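Below you'll find the structure, written out as C-alpha cells, and then a few comments.
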Amino acid sequence: MPAITSAMSVPPSVPGVDRNLDTSRHASAIDVRNMNFYYGEHQVLFDISLMVPERSVTALIGPSGCGKSTFLRTLNRMNDLVEGSRSTGVCLVEGQNIMDPAVDVVLLRKHVGMVFQKSTPFPKSIFENVAYGPRVSGEKNRAVLADLVESCLRKAALWDEVKDRLNTSAMALSGGQQQRLCIARTLATNPRIILMDEPASALDPASTDRIENLIGELCANYTIVIVTHNMQQASRVSHQTAFFFKGRLVEVGPTMKIFTSPSEKQTEDYITGRFG
Amino acid sequence: MSETPVSWATRRQHRRHETLIQWALFFCAALSVLTTAAIILVLLSNAVYAPGDKTAFFEKVSLWEFLTGTHWKPSDGPGGKYGIWPLLSGTFLVAIVAAAVSIPAGLGAAIYMSEYANPKEREWIKPVLEVLAGIPSVVFGFFALKFITPVVLKPLFQFLGADIAVFNSLSAGIVVGIMVTPLIASLSEDVIRSVPRSLREAAYALGSTRFDVSAKVVVPAALSGILASFLLAFSRAIGETMAVAIAAGGNPVFTLNPLRGAQTMTGFMVHASTGDSAADSIPRMSMYAVGITLFVITLIINLISGWILRRYREVYQ
Amino acid sequence: MNLPESKASAVSFTSGADSYIRRRLLISRAFSWICRLVTYASLAVLLVLIGSILWSSLGRLSPNFLWNHYSMNPMKAGILAGLWGSFWLVLITALFSIPIGVGSAVYLEELAKDNFFVRIIKVNLSNLAGVPSIVYGILGLTAFRPMMMFMQTLFDGQHAINIGGMFRVRLVHLSIFDGSLLIGALTMSLVIMPTVIIASQEALRAVPQSIRVASLALGATRWQTIWRQVIPAALPGIATGVILSISRAMGEAAPLMMIGVLTVASMCPGGIESPVQLVTEPSRLLSVPFDQFTAMPVEIYDWSKQPDPQDRFTSVAAAGIVVLLLVLLTINAVAMIVRTRASRKLQW
Ligand SMILES: Nc1ncnc2c1ncn2[C@@H]1O[C@H](COP(=O)(O)OP(=O)(O)OP(=O)(O)O)[C@@H](O)[C@H]1O
Ligand SMILES: [Mg+2]
C-alpha cells in the first residue's frame with residue numbers, strides 16, 4: 001500500500017486526544033462481535049466487529065447510507081423503535097451482552113446516552129430540559145436537581161451563556177447552544193458512554209469548534225462514539241477511527257494511522273476525497 | 001410578435017371567457033361571506049334594533065335584565081321573565097359533563113392511536129370513530145332518554161340513594177360527550193402526530209419509558225394543540241341541539257344539579273320555534289337574543305381555538 | 001458462545017435489576033392499558049348504542065313501517081313521509097351546495113390571489129364551519145320564509161307579469177307552503193356549505209403540483225388546466241367529502257325544526273309515494289320543492305318526545321332510527337367505494 005498522498009495533511013488534534021492510542025492495551029467499553037443488522041429483509045450491517053476503548057473517542061466515517069447511524073443506534077438499542085428490525089451477533093457494553101432480549105433498554109439508555117444530528121430540545125425551559133433525565137429516574141429534590149443542572153451545563157460549556165435564563169424556553173437558544181444543551185441533557189443522566197450522530201453537522205464553524213473542544217474534554221471521563229462526515233473533524237477529535245463502507249467495517253485503527261497510512265485502498269480513496 | 005396576430009386574438013377571447021368563469025367562481029366563494037353577514041344581520045335586526053315598525057327584543061327587554069336575570073319564563077305572557085342565566089347554566093352544565101366524558105376518552109384514544117396502536121389496529125379504530133362521529137344527534141338523544149337514563153343512570157343512582165329525573169342534564173352531557181369524543185380524538189391525534197419523531201427518540205435515548213415519552217414529552221409538546229381541540233369540542237357541545245333537546249327536557253331552571261332537567265340555549269330555540277306564539281311577540285323575539293348569545297359564545301371559543309392551533313402549527317413547521 | 005470474561009461492572013443491564021425502573025415500566029404498561037381501554041370503550045359504546053336501538057325497535061320494525069304514514073297508533077305509524085322528505089331534501093340540497101361549494105373551493109385553491117378579500121373569505125369559512133346548525137335555522141326562518149311568502153302571493157293564480165310591455169304572462173297557480181322543501185334545502189345548503197368547501201379544498205390541495213405545471217407547460221390555459229386536469233384528479237376526494245357532508249344533511253334536524261317543517265305529516269312532498277309515480281306522473285315533480293315536508297330525524301325527534309304512558313312510541317322512534325342509520329350506512333358505503341376505487345385507479 002502506498003503512503004498517503006501529500007495532499008492530505010492531518011490537522012492538529014483538540015487538546016486531550018491522543019491519536020496514536022494503542023487501543024489493544026485499553027479496557028474495552030464496547031465490544032461488538034460479528035454483528036449483522038436487518039431492516040426487515042434488507043441487511044444493512046454485515047459482520048461488524050469493533051472494540052471501543054474506555055474513555056476514548058471513536059469516530060465512525062464512511063459514505064452516506066453505509067450504516068453508520070444504524071450501527072450507532074444498535075449500541076443503545078434505539079433500533080428497537082424501528083418496526084421489523086432485527087440483529088444478530090454480540091455487543092458487549094461493559095462486559096454485558098446488550099443484544100440479549102432480557103436487557104432493560106431503559107437502564108441501558110441511561111448508561112449509553114445519545115446526541116442527535118438535529119438538536120432536539122424539548123419545548124420546555126432550559127432547566128427542565130437538563131433535569132428531564134434525572135426527573136424521570138426519580139430525582140425530586142429541587143436542590144439536587146439544581147446542582148446537577150449547573151454542573152452538566154458547565155461540562156457542556158453552556159453555563160455562562162444561559163445561567164441567567166434557565167427558566168426561559170430552550171427553543172429560543174441558537175442552534176449551537178441547543179446542541180450543547182442536548183449534550184448537557186445527556187450528561188445529566190450520568191451515562192458512561194455517549195453516542196453522537198453528526199453532532200455538529202448543522203452548526204457554524206465557531207459552534208463546531210466548541211463542540212469539538214468539548215468532546216476533547218469529555219473523553220477524560222466518558223467513552224464517546226461519534227459519527228461524522230467531516231474528515232477534518234474525525235481526525236481532530238478521535239483516538240480511533242473506523243471506516244464503514246456498504247454496511248461493512250473496512251478498517252479500524254488509531255486515527256493517526258488511518259489518516260496517514262491506511263492499510264486499505266478504499267479507506268485511502270475515501271479520506272482523500274476520491275469518492276463518497 | 002406582429003407576425004402572429006391571429007393567435008393573439010384567439011388567445012384573448014379565451015381569456016375573456018375565462019374571466020367570466022373566474023368571476024362566477026369568485027361569487028360562489030364570496031357567498032360564504034354573505035352568509036355570515038346575513039346571519040349577523042338577521043340576529044341583530046331582531047334582537048338589538050329593528051328597522052320599521054317592528055320592535056326588537058332589546059327594545060322591550062333591557063340588556064341588563066337579560067344578562068343578570070335568573071328567571072327565564074317567556075310563557076308568562078306580559079309578565080314574562082327574560083334572564084338568560086337558567087339557559088346559560090343548562091348549556092354549560094351539559095357542556096361540562098360532556099367535557100368530563102370526552103376529554104379523557106378523546107385524549108386517551110388519541111394517545112393510544114398515535115403512540116401505541118399498530119397500523120392494523122389504527123386502520124379499524126379510525127373508521128369506527130368516524131362512524132361514531134357520523135351518527136345523527138337525534139339518535140344520541142334517543143339513546144340518552146331511552147337507554148342511558150333508565151338502564152344505566154337510574155339503577156346506579158338508586159343504588160347510591162339518589163333520585164334522577166327522566167329528563168336530566170347528566171344523560172344529555174354524557175351523550176354529547178360521546179358525540180364530540182371522535183372530534184377530540186382525531187384533532188388531538190393530528191397534533192400529537194405532528195410532534196417530531198426526533199423528540200420522541202431523544203426522550204427514549206435519555207432512558208424514558210413509553211409512558212415518560214407520551215406523558216412527559218409528547219403530550220406537553222402538543223399541549224396547546226390538544227387544548228385547541230378541547231375548546232373546539234366544547235364549543236360544539238354548546239351548540240349541540242337535538243340530543244340535548246330530547247334528553248335534558250325543556251324546563252329552564254337555574255341549577256347546577258345534573259340529575260335534574262334543564263333547558264339549554266339551543267333547546268329553548270327549538271322549543272320557541274315550534275311553539276305557537278305570534279311571530280313578533282316577545283317570546284318569539286327572545287329566540288334571537290338567545291341566538292346571538294349562542295353565536296357570540298361559540299364564535300369566541302372557536303376563534304381562540306383557531307388562534308392557538310395556528311400558533312401551534314407555526315412551532316412545528 | 002466464546003465470550004471473554006466480563007469485567008465487574010457497576011450496573012447490570014438485565015431487566016428487573018433496578019427496582020425503580022421496574023416500577024416505571026409497570027406504570028408505563030398500566031398507562032398503555034388505560035389508553036387502550038378508553039379507546040375500546042368508545043367503540044364499545046357504539047356497539048351498545050346500536051344494540052340498544054335494535055332491541056327497542058323490535059316492537060315496530062316491520063315492512064309496513066316503511067310505507068305507512070304518521071299515525072297516532074304506534075303500531076301503524078310509519079316513516080314513509082320522512083323517507084321521501086329526507087330524500088328530496090338531500091337531493092335539492094346537493095343541487096345547491098355541490099356546484100357552489102366546489103366552485104368556491106376551486107376559486108380559493110386554484111384561482112385566488114392572496115389579497116385582503118380572499119383572506120377574509122378563508123378566515124370567515126373556518127369560522128362558519130363552527131357555527132351551530134341551529135343558528136342557520138334562524139337564518140332560514142327569518143330570511144327564507146318571507147321569500148316564500150312573497151312567492152306565495154306571486155303564484156296565487158291571480159298575478160301576471162309583463163314581458164317587455166308586450167306579453168302578459170299569467171303566472172300559474174302553485175301551492176307554496178311556508179315550511180317548504182325549498183326553504184329546508186336552502187337552509188341545509190348553508191349548513192353543509194363550509195364542510196363541502198373545506199373537503200373540496202383538501203381534495204384539490206392533494207393534487208400534485210406537477211400535474212398543473214405539466215398542463216400549463218403544454219400550452220393549456222389556467223382554466224383548461226383546472227377543468228381537464230385538476231378537477232378530474234381531485235374528483236374522488238371531492239366526491240367523498242361531498243357525500244359525507246350530504247349524509248350530515250340527512251341526519252340534521254335542528255335547522256329544520258327552526259324553519260318549522262311538519263312534525264306530523266300524512267302526505268309526501270308532491271304526493272309522490274312511490275318511485276313509480278315519478279314516471280307515471282312527472283308533473284307532480286314541479287310541486288315538490290314548494291310542498292310541505294317532514295324529514296326522518298324530525299320524525300324521530302317527535303316520536304322520542306311523544307308522551308305515551310305505555311312508552312309504545314319508543315319502538316317507533318327506534319325503528320325510525322334503524323331506517324335512518326341504514327340509509328346513512330348506504331351513503332357512507334358509497335363514499336367508501338368511491339374512495340377505494342379511485343385510489344386504485346389514480347396513483348401518483
Ligand atoms: N428506519 C429504516 N427502515 C429501513 N431502512 C432504513 C431505515 N433507516 C435506515 N435505513 C437504511 O439503512 C441503510 C443505512 O442507513 P444509515 O442511516 O445507517 O446510514 P448512514 O451511514 O448513517 O448515512 P448518513 O451518513 O447519510 O447518515 C440505508 O440504506 C438506509 O436506507
Ligand atoms: Mg446517519
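The chains in the C-alpha cells are called A, B, ... from first to last as shown; in each chain the residues are counted from 1, and the ligands are counted from 1 in the order shown.
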Name the residues, by chain letter and number, that sit within 12 Å of ligand 2 using only C-alpha atoms and all ligand atoms, and give them as a count of residues only.
-> 27
Contacts of Arg222 (chain C) within 9 Å, only C-alpha atoms, excl. fewer than 2 positions in-chain, as JSON, numbers by chain = {"B": [18], "C": [110, 111, 212, 215, 216, 220, 224, 225, 226, 227]}
Now that the selection is made, can you save its residues with all heavy atoms as a compact mmCIF listing (two decimals), in the first residue's frame?
```
# COMPACT_ATOMS: atom_id res chain seq x y z
N GLU B 18 -62.66 33.00 -19.84
CA GLU B 18 -62.16 32.50 -18.56
C GLU B 18 -62.37 33.50 -17.44
O GLU B 18 -62.60 33.13 -16.30
CB GLU B 18 -60.67 32.17 -18.68
CG GLU B 18 -60.46 30.99 -19.58
CD GLU B 18 -59.12 30.33 -19.38
OE1 GLU B 18 -58.33 30.84 -18.55
OE2 GLU B 18 -58.88 29.32 -20.02
N GLU C 110 -57.38 27.39 -6.54
CA GLU C 110 -56.71 27.43 -7.82
C GLU C 110 -56.56 28.84 -8.39
O GLU C 110 -55.62 29.11 -9.12
CB GLU C 110 -57.47 26.57 -8.84
CG GLU C 110 -57.69 25.14 -8.40
CD GLU C 110 -56.40 24.34 -8.36
OE1 GLU C 110 -55.53 24.58 -9.19
OE2 GLU C 110 -56.27 23.50 -7.44
N LEU C 111 -57.52 29.70 -8.12
CA LEU C 111 -57.52 30.96 -8.83
C LEU C 111 -57.17 32.17 -7.95
O LEU C 111 -56.56 33.11 -8.42
CB LEU C 111 -58.90 31.20 -9.46
CG LEU C 111 -59.29 30.16 -10.52
CD1 LEU C 111 -60.76 30.30 -10.86
CD2 LEU C 111 -58.44 30.33 -11.75
N ARG C 212 -50.34 20.34 -12.63
CA ARG C 212 -50.67 21.69 -13.09
C ARG C 212 -49.55 22.23 -13.96
O ARG C 212 -49.78 22.74 -15.05
CB ARG C 212 -50.87 22.62 -11.91
CG ARG C 212 -52.03 22.22 -11.03
CD ARG C 212 -52.25 23.24 -9.93
NE ARG C 212 -53.32 22.78 -9.05
CZ ARG C 212 -53.13 22.02 -7.99
NH1 ARG C 212 -51.91 21.64 -7.66
NH2 ARG C 212 -54.14 21.63 -7.26
N SER C 215 -49.44 20.60 -17.38
CA SER C 215 -50.51 21.02 -18.26
C SER C 215 -50.27 22.44 -18.77
O SER C 215 -50.44 22.72 -19.96
CB SER C 215 -51.84 20.93 -17.52
OG SER C 215 -52.84 21.56 -18.27
N LEU C 216 -49.84 23.32 -17.87
CA LEU C 216 -49.58 24.70 -18.28
C LEU C 216 -48.44 24.75 -19.28
O LEU C 216 -48.47 25.50 -20.25
CB LEU C 216 -49.26 25.56 -17.06
CG LEU C 216 -50.44 25.86 -16.14
CD1 LEU C 216 -49.98 26.56 -14.88
CD2 LEU C 216 -51.48 26.71 -16.87
N ALA C 220 -51.80 24.80 -22.18
CA ALA C 220 -53.18 24.93 -21.74
C ALA C 220 -53.32 26.20 -20.91
O ALA C 220 -52.38 26.63 -20.26
CB ALA C 220 -53.57 23.72 -20.90
N GLN C 224 -58.37 25.71 -18.54
CA GLN C 224 -58.31 24.38 -19.16
C GLN C 224 -57.58 23.40 -18.24
O GLN C 224 -57.98 22.24 -18.09
CB GLN C 224 -57.57 24.46 -20.50
CG GLN C 224 -58.41 25.09 -21.59
CD GLN C 224 -57.58 25.41 -22.81
OE1 GLN C 224 -56.37 25.67 -22.72
NE2 GLN C 224 -58.22 25.40 -23.96
N THR C 225 -56.53 23.88 -17.62
CA THR C 225 -55.78 23.03 -16.70
C THR C 225 -56.67 22.57 -15.55
O THR C 225 -56.70 21.40 -15.20
CB THR C 225 -54.58 23.80 -16.15
OG1 THR C 225 -53.80 24.25 -17.23
CG2 THR C 225 -53.75 22.94 -15.23
N ILE C 226 -57.40 23.54 -15.01
CA ILE C 226 -58.26 23.20 -13.87
C ILE C 226 -59.35 22.22 -14.28
O ILE C 226 -59.57 21.20 -13.65
CB ILE C 226 -58.90 24.48 -13.30
CG1 ILE C 226 -57.83 25.36 -12.68
CG2 ILE C 226 -59.97 24.15 -12.29
CD1 ILE C 226 -58.30 26.76 -12.37
N TRP C 227 -59.99 22.53 -15.41
CA TRP C 227 -61.16 21.77 -15.81
C TRP C 227 -60.78 20.37 -16.32
O TRP C 227 -61.47 19.40 -16.06
CB TRP C 227 -61.92 22.56 -16.88
CG TRP C 227 -63.21 21.92 -17.28
CD1 TRP C 227 -63.51 21.38 -18.49
CD2 TRP C 227 -64.37 21.74 -16.45
NE1 TRP C 227 -64.78 20.88 -18.48
CE2 TRP C 227 -65.34 21.09 -17.24
CE3 TRP C 227 -64.68 22.08 -15.14
CZ2 TRP C 227 -66.59 20.75 -16.75
CZ3 TRP C 227 -65.94 21.74 -14.65
CH2 TRP C 227 -66.88 21.08 -15.45
```
Applying 8 Å and only C-alpha atoms, which residues near Leu21 (chain A) remain after dropping the ones on its own chain fewer than 5 positions away? List them as a PDB file with all heavy atoms, in the first residue's frame.
```
ATOM      1  N   HIS A 239      -9.526   9.316  18.975  1.00  0.00           N
ATOM      2  CA  HIS A 239      -8.362   8.465  19.196  1.00  0.00           C
ATOM      3  C   HIS A 239      -8.297   7.394  18.129  1.00  0.00           C
ATOM      4  O   HIS A 239      -7.238   7.023  17.667  1.00  0.00           O
ATOM      5  CB  HIS A 239      -8.465   7.756  20.552  1.00  0.00           C
ATOM      6  CG  HIS A 239      -8.513   8.688  21.718  1.00  0.00           C
ATOM      7  ND1 HIS A 239      -9.666   9.326  22.112  1.00  0.00           N
ATOM      8  CD2 HIS A 239      -7.537   9.086  22.577  1.00  0.00           C
ATOM      9  CE1 HIS A 239      -9.412  10.071  23.173  1.00  0.00           C
ATOM     10  NE2 HIS A 239      -8.118   9.954  23.472  1.00  0.00           N
ATOM     11  N   GLN A 240      -9.477   6.911  17.801  1.00  0.00           N
ATOM     12  CA  GLN A 240      -9.551   5.755  16.916  1.00  0.00           C
ATOM     13  C   GLN A 240     -10.580   6.059  15.847  1.00  0.00           C
ATOM     14  O   GLN A 240     -11.579   6.732  16.102  1.00  0.00           O
ATOM     15  CB  GLN A 240      -9.962   4.546  17.762  1.00  0.00           C
ATOM     16  CG  GLN A 240     -10.595   3.430  17.008  1.00  0.00           C
ATOM     17  CD  GLN A 240     -10.910   2.246  17.892  1.00  0.00           C
ATOM     18  OE1 GLN A 240     -10.077   1.394  18.116  1.00  0.00           O
ATOM     19  NE2 GLN A 240     -12.137   2.179  18.389  1.00  0.00           N
ATOM     20  N   PRO A 254      -5.864   3.379  15.071  1.00  0.00           N
ATOM     21  CA  PRO A 254      -5.586   4.694  15.635  1.00  0.00           C
ATOM     22  C   PRO A 254      -5.779   5.766  14.568  1.00  0.00           C
ATOM     23  O   PRO A 254      -5.404   5.557  13.409  1.00  0.00           O
ATOM     24  CB  PRO A 254      -4.137   4.604  16.073  1.00  0.00           C
ATOM     25  CG  PRO A 254      -3.875   3.144  16.243  1.00  0.00           C
ATOM     26  CD  PRO A 254      -4.739   2.445  15.261  1.00  0.00           C
TER      27      PRO A 254
END
```
Taking the chain letters and numbering used in this document, name the residues of region 116-332 of chain C that DSSP puts in strand (DSSP E), as a ChimeraX atom specification.
-> /C:160-163,167-170
Mind writing the picked residues with N, CA, C and O atoms as a CSV table (one decimal), in the first residue's frame?
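Everything below was put into again-v6.csv:
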```csv
chain,number,residue,atom,x,y,z
C,160,ALA,N,-100.0,38.4,-12.9
C,160,ALA,CA,-99.4,38.2,-14.2
C,160,ALA,C,-98.2,39.1,-14.3
C,160,ALA,O,-98.1,40.1,-13.6
C,161,ILE,N,-97.3,38.8,-15.2
C,161,ILE,CA,-96.2,39.7,-15.4
C,161,ILE,C,-96.1,40.2,-16.8
C,161,ILE,O,-96.5,39.5,-17.7
C,162,ASN,N,-95.6,41.4,-17.0
C,162,ASN,CA,-95.4,41.9,-18.3
C,162,ASN,C,-94.0,41.7,-18.8
C,162,ASN,O,-93.1,41.9,-18.1
C,163,ILE,N,-93.9,41.2,-20.0
C,163,ILE,CA,-92.6,41.0,-20.5
C,163,ILE,C,-92.4,42.0,-21.6
C,163,ILE,O,-93.1,41.9,-22.7
C,167,PHE,N,-96.0,41.1,-23.9
C,167,PHE,CA,-96.7,39.9,-23.5
C,167,PHE,C,-97.1,39.9,-22.0
C,167,PHE,O,-96.3,40.4,-21.2
C,168,ARG,N,-98.3,39.6,-21.8
C,168,ARG,CA,-98.7,39.4,-20.4
C,168,ARG,C,-98.8,37.9,-20.1
C,168,ARG,O,-99.5,37.2,-20.7
C,169,VAL,N,-98.0,37.5,-19.2
C,169,VAL,CA,-98.0,36.1,-18.9
C,169,VAL,C,-98.6,35.9,-17.5
C,169,VAL,O,-98.3,36.5,-16.5
C,170,ARG,N,-99.6,35.1,-17.6
C,170,ARG,CA,-100.4,34.8,-16.4
C,170,ARG,C,-99.5,33.7,-15.6
C,170,ARG,O,-99.2,32.7,-16.2
```
Which residues of chain B are close to chain A, meaning at most 12 Å apart when you count only C-alpha atoms, and how do they look as number ranges by chain?
-> B: 115-116, 118-119, 195-213, 215-224, 312, 315-316
Chain C residues near chain B (6 Å cut-off, only C-alpha atoms) as an MDAnalysis selection string = chainID C and resid 28 35 38:39 100 103:104 107 132 139 251 258
Pull the helix (DSSP H, G or I) assignments for region 158-188 of chain B out of DSSP run on the backbone, and list those residues as a PyMOL selection string.
-> chain B and resi 158-160+169-188
Take the selection from the previous step and output its residues with N, CA, C and O atoms, as a PDB file, in the first residue's frame.
```pdb
ATOM      1  N   GLN B 158     -80.106   4.949  42.098  1.00  0.00           N
ATOM      2  CA  GLN B 158     -80.933   4.307  43.098  1.00  0.00           C
ATOM      3  C   GLN B 158     -80.037   3.597  44.109  1.00  0.00           C
ATOM      4  O   GLN B 158     -80.233   3.677  45.311  1.00  0.00           O
ATOM      5  N   PHE B 159     -79.042   2.929  43.566  1.00  0.00           N
ATOM      6  CA  PHE B 159     -78.094   2.215  44.414  1.00  0.00           C
ATOM      7  C   PHE B 159     -77.363   3.190  45.334  1.00  0.00           C
ATOM      8  O   PHE B 159     -77.098   2.901  46.491  1.00  0.00           O
ATOM      9  N   LEU B 160     -77.078   4.366  44.809  1.00  0.00           N
ATOM     10  CA  LEU B 160     -76.381   5.368  45.611  1.00  0.00           C
ATOM     11  C   LEU B 160     -77.334   6.146  46.513  1.00  0.00           C
ATOM     12  O   LEU B 160     -76.914   7.011  47.272  1.00  0.00           O
ATOM     13  N   SER B 169     -79.754  16.636  32.874  1.00  0.00           N
ATOM     14  CA  SER B 169     -78.615  17.131  32.090  1.00  0.00           C
ATOM     15  C   SER B 169     -77.476  16.133  32.068  1.00  0.00           C
ATOM     16  O   SER B 169     -76.629  16.175  31.183  1.00  0.00           O
ATOM     17  N   LEU B 170     -77.428  15.239  33.049  1.00  0.00           N
ATOM     18  CA  LEU B 170     -76.328  14.283  33.084  1.00  0.00           C
ATOM     19  C   LEU B 170     -76.324  13.390  31.843  1.00  0.00           C
ATOM     20  O   LEU B 170     -75.310  13.274  31.152  1.00  0.00           O
ATOM     21  N   SER B 171     -77.497  12.804  31.560  1.00  0.00           N
ATOM     22  CA  SER B 171     -77.532  11.914  30.398  1.00  0.00           C
ATOM     23  C   SER B 171     -77.271  12.696  29.118  1.00  0.00           C
ATOM     24  O   SER B 171     -76.565  12.222  28.219  1.00  0.00           O
ATOM     25  N   ALA B 172     -77.820  13.920  29.067  1.00  0.00           N
ATOM     26  CA  ALA B 172     -77.577  14.743  27.880  1.00  0.00           C
ATOM     27  C   ALA B 172     -76.088  15.016  27.733  1.00  0.00           C
ATOM     28  O   ALA B 172     -75.513  14.887  26.646  1.00  0.00           O
ATOM     29  N   GLY B 173     -75.431  15.386  28.860  1.00  0.00           N
ATOM     30  CA  GLY B 173     -74.000  15.669  28.813  1.00  0.00           C
ATOM     31  C   GLY B 173     -73.198  14.455  28.397  1.00  0.00           C
ATOM     32  O   GLY B 173     -72.249  14.560  27.611  1.00  0.00           O
ATOM     33  N   ILE B 174     -73.608  13.285  28.908  1.00  0.00           N
ATOM     34  CA  ILE B 174     -72.859  12.067  28.562  1.00  0.00           C
ATOM     35  C   ILE B 174     -72.924  11.805  27.061  1.00  0.00           C
ATOM     36  O   ILE B 174     -71.896  11.575  26.423  1.00  0.00           O
ATOM     37  N   VAL B 175     -74.121  11.883  26.488  1.00  0.00           N
ATOM     38  CA  VAL B 175     -74.182  11.588  25.047  1.00  0.00           C
ATOM     39  C   VAL B 175     -73.489  12.663  24.212  1.00  0.00           C
ATOM     40  O   VAL B 175     -72.837  12.344  23.216  1.00  0.00           O
ATOM     41  N   VAL B 176     -73.612  13.914  24.649  1.00  0.00           N
ATOM     42  CA  VAL B 176     -72.895  14.951  23.891  1.00  0.00           C
ATOM     43  C   VAL B 176     -71.388  14.684  23.989  1.00  0.00           C
ATOM     44  O   VAL B 176     -70.641  14.827  23.020  1.00  0.00           O
ATOM     45  N   GLY B 177     -70.957  14.239  25.174  1.00  0.00           N
ATOM     46  CA  GLY B 177     -69.550  13.868  25.337  1.00  0.00           C
ATOM     47  C   GLY B 177     -69.155  12.762  24.375  1.00  0.00           C
ATOM     48  O   GLY B 177     -68.098  12.824  23.734  1.00  0.00           O
ATOM     49  N   ILE B 178     -70.012  11.759  24.247  1.00  0.00           N
ATOM     50  CA  ILE B 178     -69.713  10.672  23.310  1.00  0.00           C
ATOM     51  C   ILE B 178     -69.632  11.218  21.889  1.00  0.00           C
ATOM     52  O   ILE B 178     -68.765  10.850  21.103  1.00  0.00           O
ATOM     53  N   MET B 179     -70.534  12.156  21.582  1.00  0.00           N
ATOM     54  CA  MET B 179     -70.556  12.698  20.224  1.00  0.00           C
ATOM     55  C   MET B 179     -69.291  13.450  19.869  1.00  0.00           C
ATOM     56  O   MET B 179     -68.838  13.410  18.723  1.00  0.00           O
ATOM     57  N   VAL B 180     -68.737  14.197  20.851  1.00  0.00           N
ATOM     58  CA  VAL B 180     -67.570  15.012  20.494  1.00  0.00           C
ATOM     59  C   VAL B 180     -66.250  14.279  20.743  1.00  0.00           C
ATOM     60  O   VAL B 180     -65.191  14.784  20.370  1.00  0.00           O
ATOM     61  N   THR B 181     -66.319  13.091  21.345  1.00  0.00           N
ATOM     62  CA  THR B 181     -65.080  12.337  21.554  1.00  0.00           C
ATOM     63  C   THR B 181     -64.290  12.099  20.256  1.00  0.00           C
ATOM     64  O   THR B 181     -63.084  12.325  20.231  1.00  0.00           O
ATOM     65  N   PRO B 182     -64.958  11.672  19.181  1.00  0.00           N
ATOM     66  CA  PRO B 182     -64.185  11.467  17.950  1.00  0.00           C
ATOM     67  C   PRO B 182     -63.498  12.739  17.463  1.00  0.00           C
ATOM     68  O   PRO B 182     -62.391  12.676  16.927  1.00  0.00           O
ATOM     69  N   LEU B 183     -64.159  13.874  17.691  1.00  0.00           N
ATOM     70  CA  LEU B 183     -63.568  15.145  17.268  1.00  0.00           C
ATOM     71  C   LEU B 183     -62.258  15.389  18.019  1.00  0.00           C
ATOM     72  O   LEU B 183     -61.216  15.686  17.422  1.00  0.00           O
ATOM     73  N   ILE B 184     -62.308  15.238  19.349  1.00  0.00           N
ATOM     74  CA  ILE B 184     -61.094  15.430  20.145  1.00  0.00           C
ATOM     75  C   ILE B 184     -60.049  14.404  19.744  1.00  0.00           C
ATOM     76  O   ILE B 184     -58.875  14.730  19.556  1.00  0.00           O
ATOM     77  N   ALA B 185     -60.494  13.153  19.580  1.00  0.00           N
ATOM     78  CA  ALA B 185     -59.541  12.097  19.262  1.00  0.00           C
ATOM     79  C   ALA B 185     -58.818  12.402  17.960  1.00  0.00           C
ATOM     80  O   ALA B 185     -57.591  12.329  17.898  1.00  0.00           O
ATOM     81  N   SER B 186     -59.558  12.789  16.921  1.00  0.00           N
ATOM     82  CA  SER B 186     -58.875  12.943  15.632  1.00  0.00           C
ATOM     83  C   SER B 186     -58.046  14.217  15.598  1.00  0.00           C
ATOM     84  O   SER B 186     -56.924  14.211  15.087  1.00  0.00           O
ATOM     85  N   LEU B 187     -58.564  15.311  16.168  1.00  0.00           N
ATOM     86  CA  LEU B 187     -57.762  16.546  16.173  1.00  0.00           C
ATOM     87  C   LEU B 187     -56.504  16.376  17.030  1.00  0.00           C
ATOM     88  O   LEU B 187     -55.405  16.758  16.628  1.00  0.00           O
ATOM     89  N   SER B 188     -56.674  15.789  18.227  1.00  0.00           N
ATOM     90  CA  SER B 188     -55.513  15.614  19.101  1.00  0.00           C
ATOM     91  C   SER B 188     -54.517  14.645  18.493  1.00  0.00           C
ATOM     92  O   SER B 188     -53.312  14.825  18.615  1.00  0.00           O
TER      93      SER B 188
END
```
Rank nothing, just name the residue among A:Arg135, A:Arg236, A:Arg192, A:Lys246 nearest to ligand 1, using only C-alpha atoms and all ligand atoms.
-> A:Lys246
How many Å lie between CA of Ser85 (chain A) and CA of Tyr38 (chain A), rounded to one decimal?
->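 The value is 5.6 Å.
CA of Gly95 (chain A) lies 18.7 Å from CA of Val57 (chain A).
For the set A:Gly176, A:Pro205, A:Gly273, A:Gly84, the residue with the smallest atom-to-atom gap to ligand 1 is A:Gly84, counting only C-alpha atoms and all ligand atoms.
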Atom pair CA of Gln43 (chain A) + CA of Ile98 (chain A), distance 20.0 Å
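If you measure from each of A:Gly16, A:Gly40, A:Pro11, A:Pro101 to ligand 1 using only C-alpha atoms and all ligand atoms, the closest one turns out to be A:Gly40.
Using only C-alpha atoms, the contacts of Ala185 (chain C) at a cut-off of 7 Å, with sequence neighbours closer than 3 positions omitted, comprise Leu89, Ile92, Thr93, Leu181, Leu182, Met188 and Ser189 of chain C.
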